[in-house]
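Taking it in order: structure first as structure tokens, then the write-up.
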Amino acid sequence: MAFERLCELLSEQFGVEPETITLETSFEEDLGADSLDLVEMMMALEEEFDVGEIGEKAARSIRTVGDVIDLIGAQDDE
């Protein structure tokens, strides 16, 4: 469920088809995200998945869609 919703969010933000997004999709290389795009995405993630504020260290470690899913999963475990 989280993966599907994340794909919908990324589709809206980056103008790609949701079915083209995989866990290996890179934000910068595959979606062309710049630093502003990444900040906007983090804010959307915080709101949509109720993960609280994503710290700078965690944000810097996010490179792929799979990294986001891991972050969401980690928040669910707490």
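Chain labels follow the order of the structure tokens: the first chain is A, the next B, and so on; residue numbering restarts at 1 in every chain, and ligands are counted from 1 in their shown order.
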
As a list in words, please: the residues near Thr20 in chain A (cut-off 12 Å, only C-alpha atoms, same-chain neighbours under 5 positions excluded).
Glu4, Cys7, Glu8, Leu10, Ser11, Phe14, Gly15, Thr25, Ser26, Asp30, Leu31 and Val65 of chain A

In chain A, DSSP helix (DSSP H, G or I) residues written as number ranges by chain
A: 2-14, 18-20, 35-49, 56-61, 65-77

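With distances restricted to only C-alpha atoms, A:Phe49 is the closest residue to Ala2 in chain A from A:Phe49, A:Ile62, A:Glu56, A:Glu29.
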
Skip Ala58 in chain A itself and residues of its chain fewer than 2 positions away, then list as a list in words all residues within 12 Å of it, counting only C-alpha atoms.
Met42, Val51, Gly52, Glu53, Ile54, Gly55, Glu56, Arg60, Ser61, Ile62, Arg63, Asp67, Val68, Asp70, Leu71, Ile72, Ala74 and Gln75 of chain A

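Counting only C-alpha atoms, the residue from A:Gly66, A:Glu40, A:Glu46, A:Ser35 that sits nearest to Ile21 in chain A is A:Gly66.
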
Can you pull out the residues contacting Ala44 in chain A? Cut-off 10 Å, using only C-alpha atoms, and skip same-chain residues under 4 positions away; I want them as a list in words.
Leu6, Leu9, Leu10, Gln13, Leu38, Val39, Glu40, Glu48, Phe49 and Asp50 of chain A

So that I have them on file, write out the residues from the current selection with all heavy atoms, as a PDB file, in the first residue's frame.
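What ended up in again.pdb:
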ATOM      1  N   LEU A   6       3.092   5.986  -2.684  1.00  0.00           N
ATOM      2  CA  LEU A   6       4.312   6.731  -2.990  1.00  0.00           C
ATOM      3  C   LEU A   6       4.457   6.916  -4.497  1.00  0.00           C
ATOM      4  O   LEU A   6       4.793   8.015  -4.956  1.00  0.00           O
ATOM      5  CB  LEU A   6       5.531   6.006  -2.412  1.00  0.00           C
ATOM      6  CG  LEU A   6       6.884   6.647  -2.695  1.00  0.00           C
ATOM      7  CD1 LEU A   6       6.955   8.064  -2.145  1.00  0.00           C
ATOM      8  CD2 LEU A   6       7.994   5.787  -2.097  1.00  0.00           C
ATOM      9  N   LEU A   9       2.220   9.715  -5.588  1.00  0.00           N
ATOM     10  CA  LEU A   9       2.782  11.020  -5.222  1.00  0.00           C
ATOM     11  C   LEU A   9       3.915  11.421  -6.167  1.00  0.00           C
ATOM     12  O   LEU A   9       3.981  12.557  -6.630  1.00  0.00           O
ATOM     13  CB  LEU A   9       3.309  11.001  -3.787  1.00  0.00           C
ATOM     14  CG  LEU A   9       2.294  10.979  -2.672  1.00  0.00           C
ATOM     15  CD1 LEU A   9       2.988  10.767  -1.331  1.00  0.00           C
ATOM     16  CD2 LEU A   9       1.507  12.278  -2.649  1.00  0.00           C
ATOM     17  N   LEU A  10       4.809  10.483  -6.424  1.00  0.00           N
ATOM     18  CA  LEU A  10       5.946  10.773  -7.297  1.00  0.00           C
ATOM     19  C   LEU A  10       5.489  11.033  -8.718  1.00  0.00           C
ATOM     20  O   LEU A  10       6.048  11.891  -9.406  1.00  0.00           O
ATOM     21  CB  LEU A  10       6.951   9.624  -7.249  1.00  0.00           C
ATOM     22  CG  LEU A  10       7.605   9.386  -5.890  1.00  0.00           C
ATOM     23  CD1 LEU A  10       8.493   8.152  -5.941  1.00  0.00           C
ATOM     24  CD2 LEU A  10       8.381  10.603  -5.429  1.00  0.00           C
ATOM     25  N   GLN A  13       4.282  14.585  -8.758  1.00  0.00           N
ATOM     26  CA  GLN A  13       5.345  15.577  -8.591  1.00  0.00           C
ATOM     27  C   GLN A  13       6.299  15.634  -9.773  1.00  0.00           C
ATOM     28  O   GLN A  13       6.749  16.703 -10.161  1.00  0.00           O
ATOM     29  CB  GLN A  13       6.141  15.305  -7.313  1.00  0.00           C
ATOM     30  CG  GLN A  13       7.201  16.372  -7.064  1.00  0.00           C
ATOM     31  CD  GLN A  13       7.883  16.238  -5.719  1.00  0.00           C
ATOM     32  OE1 GLN A  13       7.508  15.442  -4.881  1.00  0.00           O
ATOM     33  NE2 GLN A  13       8.901  17.044  -5.522  1.00  0.00           N
ATOM     34  N   LEU A  38      13.498  17.572  -3.966  1.00  0.00           N
ATOM     35  CA  LEU A  38      13.674  16.640  -2.859  1.00  0.00           C
ATOM     36  C   LEU A  38      13.098  17.193  -1.560  1.00  0.00           C
ATOM     37  O   LEU A  38      12.479  16.461  -0.786  1.00  0.00           O
ATOM     38  CB  LEU A  38      15.150  16.280  -2.703  1.00  0.00           C
ATOM     39  CG  LEU A  38      15.741  15.500  -3.881  1.00  0.00           C
ATOM     40  CD1 LEU A  38      17.247  15.318  -3.700  1.00  0.00           C
ATOM     41  CD2 LEU A  38      15.048  14.164  -4.054  1.00  0.00           C
ATOM     42  N   VAL A  39      13.264  18.488  -1.324  1.00  0.00           N
ATOM     43  CA  VAL A  39      12.690  19.108  -0.131  1.00  0.00           C
ATOM     44  C   VAL A  39      11.167  19.025  -0.181  1.00  0.00           C
ATOM     45  O   VAL A  39      10.514  18.664   0.807  1.00  0.00           O
ATOM     46  CB  VAL A  39      13.155  20.580   0.009  1.00  0.00           C
ATOM     47  CG1 VAL A  39      12.347  21.315   1.072  1.00  0.00           C
ATOM     48  CG2 VAL A  39      14.641  20.643   0.329  1.00  0.00           C
ATOM     49  N   GLU A  40      10.586  19.337  -1.335  1.00  0.00           N
ATOM     50  CA  GLU A  40       9.135  19.251  -1.490  1.00  0.00           C
ATOM     51  C   GLU A  40       8.644  17.821  -1.288  1.00  0.00           C
ATOM     52  O   GLU A  40       7.610  17.595  -0.665  1.00  0.00           O
ATOM     53  CB  GLU A  40       8.724  19.763  -2.866  1.00  0.00           C
ATOM     54  CG  GLU A  40       8.884  21.258  -3.025  1.00  0.00           C
ATOM     55  CD  GLU A  40       8.620  21.741  -4.433  1.00  0.00           C
ATOM     56  OE1 GLU A  40       8.505  20.909  -5.367  1.00  0.00           O
ATOM     57  OE2 GLU A  40       8.536  22.964  -4.620  1.00  0.00           O
ATOM     58  N   GLU A  48       1.910  12.857   4.174  1.00  0.00           N
ATOM     59  CA  GLU A  48       1.146  11.708   3.668  1.00  0.00           C
ATOM     60  C   GLU A  48       1.298  10.463   4.533  1.00  0.00           C
ATOM     61  O   GLU A  48       0.334   9.742   4.772  1.00  0.00           O
ATOM     62  CB  GLU A  48       1.584  11.381   2.237  1.00  0.00           C
ATOM     63  CG  GLU A  48       0.862  10.201   1.619  1.00  0.00           C
ATOM     64  CD  GLU A  48      -0.616  10.462   1.375  1.00  0.00           C
ATOM     65  OE1 GLU A  48      -1.000  11.619   1.123  1.00  0.00           O
ATOM     66  OE2 GLU A  48      -1.393   9.484   1.424  1.00  0.00           O
ATOM     67  N   PHE A  49       2.520  10.203   4.996  1.00  0.00           N
ATOM     68  CA  PHE A  49       2.782   8.962   5.714  1.00  0.00           C
ATOM     69  C   PHE A  49       2.939   9.162   7.219  1.00  0.00           C
ATOM     70  O   PHE A  49       3.257   8.226   7.932  1.00  0.00           O
ATOM     71  CB  PHE A  49       4.012   8.258   5.136  1.00  0.00           C
ATOM     72  CG  PHE A  49       3.801   7.812   3.712  1.00  0.00           C
ATOM     73  CD1 PHE A  49       4.315   8.540   2.655  1.00  0.00           C
ATOM     74  CD2 PHE A  49       3.054   6.681   3.432  1.00  0.00           C
ATOM     75  CE1 PHE A  49       4.110   8.137   1.340  1.00  0.00           C
ATOM     76  CE2 PHE A  49       2.841   6.271   2.129  1.00  0.00           C
ATOM     77  CZ  PHE A  49       3.370   7.004   1.074  1.00  0.00           C
ATOM     78  N   ASP A  50       2.724  10.393   7.680  1.00  0.00           N
ATOM     79  CA  ASP A  50       2.782  10.702   9.111  1.00  0.00           C
ATOM     80  C   ASP A  50       4.052  10.143   9.754  1.00  0.00           C
ATOM     81  O   ASP A  50       4.002   9.467  10.781  1.00  0.00           O
ATOM     82  CB  ASP A  50       1.531  10.158   9.814  1.00  0.00           C
ATOM     83  CG  ASP A  50       1.354  10.757  11.202  1.00  0.00           C
ATOM     84  OD1 ASP A  50       1.810  11.903  11.408  1.00  0.00           O
ATOM     85  OD2 ASP A  50       0.780  10.081  12.067  1.00  0.00           O
TER      86      ASP A  50
END

Between CA of Leu36 in chain A and CA of Val16 in chain A, what is the distance in Å, rounded to a tenth?
17.7 Å

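The space between CA of Glu12 in chain A and CA of Lys57 in chain A spans 25.7 Å.
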